[in-house]
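K.L.:
Starting off with a structure, shown below.
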Amino acid sequence: MKNTILLLMLGLSTQFVNGQSTATNFNVQDCNAITHDFYSELDQGKVIVLDWIMPCSSCLLPSKTAYNLVQSYATAYPGKVVLYINDDYANTNCTSISGWVDNNGMPNSTKFSSAAIKMSDYGTDGMPKIIVVGGKNHTVYFNENDSEAGNANKLQNAINKAIEETNAIIHPKADNLSISINPNPADFKAIISLNLSVQKTFDIELLNYMGQIVLPIANQHYFSKGDTNFEFDTRDLASGFYFIKIGDANSFKLLKLSVSH
């Protein structure tokens with residue numbers, strides 16, 4: 001009988017720790033008095049990393065890990081992967097929260113002190129507690145407490161999965177340029193087909209999911225107006241997902257490429 005009760009308690013505890021798989025909406029102002037509707041921002045293609053802090057010293061390392069990961073996506077996904085930091089029970093004011101966050105080197109984050117943003121919706125409380133949410137179904141891809149909340153590999157994998165499923169991958173800038181890639185998936189080579197309405201000098205780069213340059217395909221290459229094909233070797237690339245970035249610092253497009261050997 002005792003064993004049965006223990007198993008039931010463990011089952012309930014596990015369910016509660018894991019929390020819900022779909023995010024709860026909120027509509028609140030951040031510490032800069034800007035209103036955020038959680039679902040609306042997710043529907044716009046954002047991947048949101050939500051971090052509850054006390055603030056406390058034990059919160060710092062996992063929070064910094066999350067912050068650094070979010071910042072690493074800024075090149076490939078400007079404004080798409082964001083970090084929201086909220087006081088755990090909204091009993092610390094915005095001045096204190098913002099001071100702690102900024103003084104610990106996380107200025108490019110959005111700060112809240114709102115009881116409407118409840119970590120209890122996602123299982124047991126943690127210091128910190130971090131979740132990753134994305135997609136029109138508002139799916140929770142990561143939900144961890146305390147030191148495990150700063151597990152960089154699991155956190156990065158969750159962000160990558162959320163990005164892939166939210167289609168936050170193409171930045172339709174460079175209106176004078178249309179591109180396609182074939183074959184896709186690619187095995188030993190890929191051909192980039194471009195059509196330019198004007199002559200232009202572009203960089204072409206292969207990026208990984210972190211926005212880091214894996215292969216500089218072309219540097220300051222001159223392209224004539226009209227159709228152009230550009231072939232490059234993929235046989236030495238590891239199987240997985242990449243992005244082709246074409247353009248310059250002010251005007252560019254990203255296109256997803258799958259490599260499969």
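Quick note on naming: the chains in the structure tokens go A, B, ... in the order shown, residues restart at 1 in each chain, and ligands are numbered from 1 in order of appearance.
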Can you pull out every residue within 7 Å of region 81-86 of chain A, counting only C-alpha atoms, but drop anything in the same chain fewer than 4 positions away, and send it as a list in words?

P.N.:
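Once the nearby chain positions are removed, what remains is Lys46, Val47, Ile48, Val49, Leu50, Asp51, Trp52, Ile53, Tyr67, Val70, Tyr73, Tyr77, Ser109, Thr110, Lys111, Phe112 and Ser113 of chain A.
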
K.L.:
Would you output that residue set with N, CA and C atoms, as a compact mmCIF listing (two decimals), in the first residue's frame?

P.N.:
# COMPACT_ATOMS: atom_id res chain seq x y z
N LYS A 46 7.97 35.26 -33.12
CA LYS A 46 9.03 35.35 -32.12
C LYS A 46 9.19 34.03 -31.37
N VAL A 47 10.44 33.75 -31.00
CA VAL A 47 10.75 32.69 -30.05
C VAL A 47 11.13 33.39 -28.76
N ILE A 48 10.39 33.10 -27.69
CA ILE A 48 10.55 33.85 -26.44
C ILE A 48 11.11 32.93 -25.36
N VAL A 49 12.24 33.36 -24.81
CA VAL A 49 12.84 32.68 -23.66
C VAL A 49 12.42 33.47 -22.43
N LEU A 50 11.68 32.82 -21.55
CA LEU A 50 11.11 33.47 -20.37
C LEU A 50 11.83 32.97 -19.12
N ASP A 51 12.39 33.91 -18.36
CA ASP A 51 13.27 33.59 -17.24
C ASP A 51 12.72 34.26 -15.97
N TRP A 52 12.34 33.43 -14.96
CA TRP A 52 11.90 33.97 -13.67
C TRP A 52 13.08 34.00 -12.71
N ILE A 53 13.31 35.16 -12.09
CA ILE A 53 14.40 35.31 -11.13
C ILE A 53 13.87 35.87 -9.81
N TYR A 67 20.84 34.37 -21.63
CA TYR A 67 21.06 35.67 -22.27
C TYR A 67 22.08 35.54 -23.40
N VAL A 70 20.61 33.72 -26.41
CA VAL A 70 19.67 34.57 -27.15
C VAL A 70 20.43 35.57 -28.01
N TYR A 73 21.87 34.52 -31.48
CA TYR A 73 20.98 34.37 -32.62
C TYR A 73 20.69 35.70 -33.32
N TYR A 77 18.75 35.99 -36.89
CA TYR A 77 17.34 36.23 -36.61
C TYR A 77 17.16 37.54 -35.84
N SER A 109 17.57 42.73 -22.83
CA SER A 109 16.47 41.84 -22.41
C SER A 109 15.31 42.71 -21.98
N THR A 110 14.13 42.11 -21.95
CA THR A 110 12.94 42.84 -21.54
C THR A 110 12.60 42.43 -20.11
N LYS A 111 12.43 43.43 -19.23
CA LYS A 111 12.23 43.16 -17.81
C LYS A 111 10.78 43.38 -17.39
N PHE A 112 10.28 42.52 -16.52
CA PHE A 112 8.92 42.61 -16.01
C PHE A 112 8.92 42.42 -14.50
N SER A 113 7.91 42.97 -13.86
CA SER A 113 7.57 42.60 -12.49
C SER A 113 6.06 42.50 -12.43

K.L.:
Quick one: residues within 12 Å of region 176-193 of chain A, only C-alpha atoms counted, chain neighbours fewer than 3 positions away excluded, as a count of residues only?

P.N.:
53

K.L.:
Quick one: residues within 12 Å of Gly105 (chain A), only C-alpha atoms counted, chain neighbours fewer than 5 positions away excluded, as JSON, numbers by chain?

P.N.:
{"A": [60, 61, 63, 64, 65, 67, 68, 71, 98, 99, 100]}

K.L.:
Please, which residues of region 91-198 of chain A, numbered as in this document, come out strand (DSSP E) from DSSP, as a ChimeraX atom specification?

P.N.:
/A:110-112,129-134,139-145,177-182,189-196

K.L.:
Give me, please, the distance in Å between CA of Val140 (chain A) and CA of Ala152 (chain A), quoted to one decimal.

P.N.:
16.6 Å

K.L.:
Using DSSP on the backbone, list every residue of region 99-164 of chain A that comes out as helix (DSSP H, G or I), and give them as a list in words.

P.N.:
Gly99, Trp100, Val101, Asp102, Asn103, Met119, Ser120, Asp121, Tyr122, Asp146, Ser147, Glu148, Ala149, Gly150, Ala152, Asn153, Lys154, Leu155, Gln156, Asn157, Ala158, Ile159, Asn160, Lys161, Ala162, Ile163 and Glu164 of chain A

K.L.:
Restricting the calculation to only C-alpha atoms, which member of A:His221, A:Ser147, A:Asn153, A:Ile159 is positioned closest to Ile131 (chain A)?

P.N.:
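Looking at the shortest contact to Ile131 (chain A), the residue is A:Ile159.
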
K.L.:
I'd like to know which of A:Ala115, A:Ile97, A:Ala76, A:Met127 is closest to Asn32 (chain A), using only C-alpha atoms.

P.N.:
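Of A:Ala115, A:Ile97, A:Ala76, A:Met127, the one nearest Asn32 (chain A), counting only C-alpha atoms, is A:Ile97.
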
K.L.:
Quick one: residues within 12 Å of region 135-139 of chain A, only C-alpha atoms counted, chain neighbours fewer than 5 positions away excluded, as a ChimeraX atom specification?

P.N.:
/A:20-25,38-49,80-81,122,158-159,161-168

K.L.:
Go ahead and compute the interatomic distance for CA of Ser57 (chain A) and CA of Ala74 (chain A), in Å to one decimal.

P.N.:
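These atoms are spaced 26.7 Å apart.
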
K.L.:
Could you check how far CA of Pro78 (chain A) sits from CA of Asn195 (chain A), in Å to one decimal?

P.N.:
24.5 Å

K.L.:
Between A:Ile130, A:Cys59, A:Cys94, A:Ile117, which residue has the minimum interatomic distance to Lys154 (chain A), considering only C-alpha atoms?

P.N.:
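Residue with the minimum atom-to-atom distance to Lys154 (chain A): A:Ile130.
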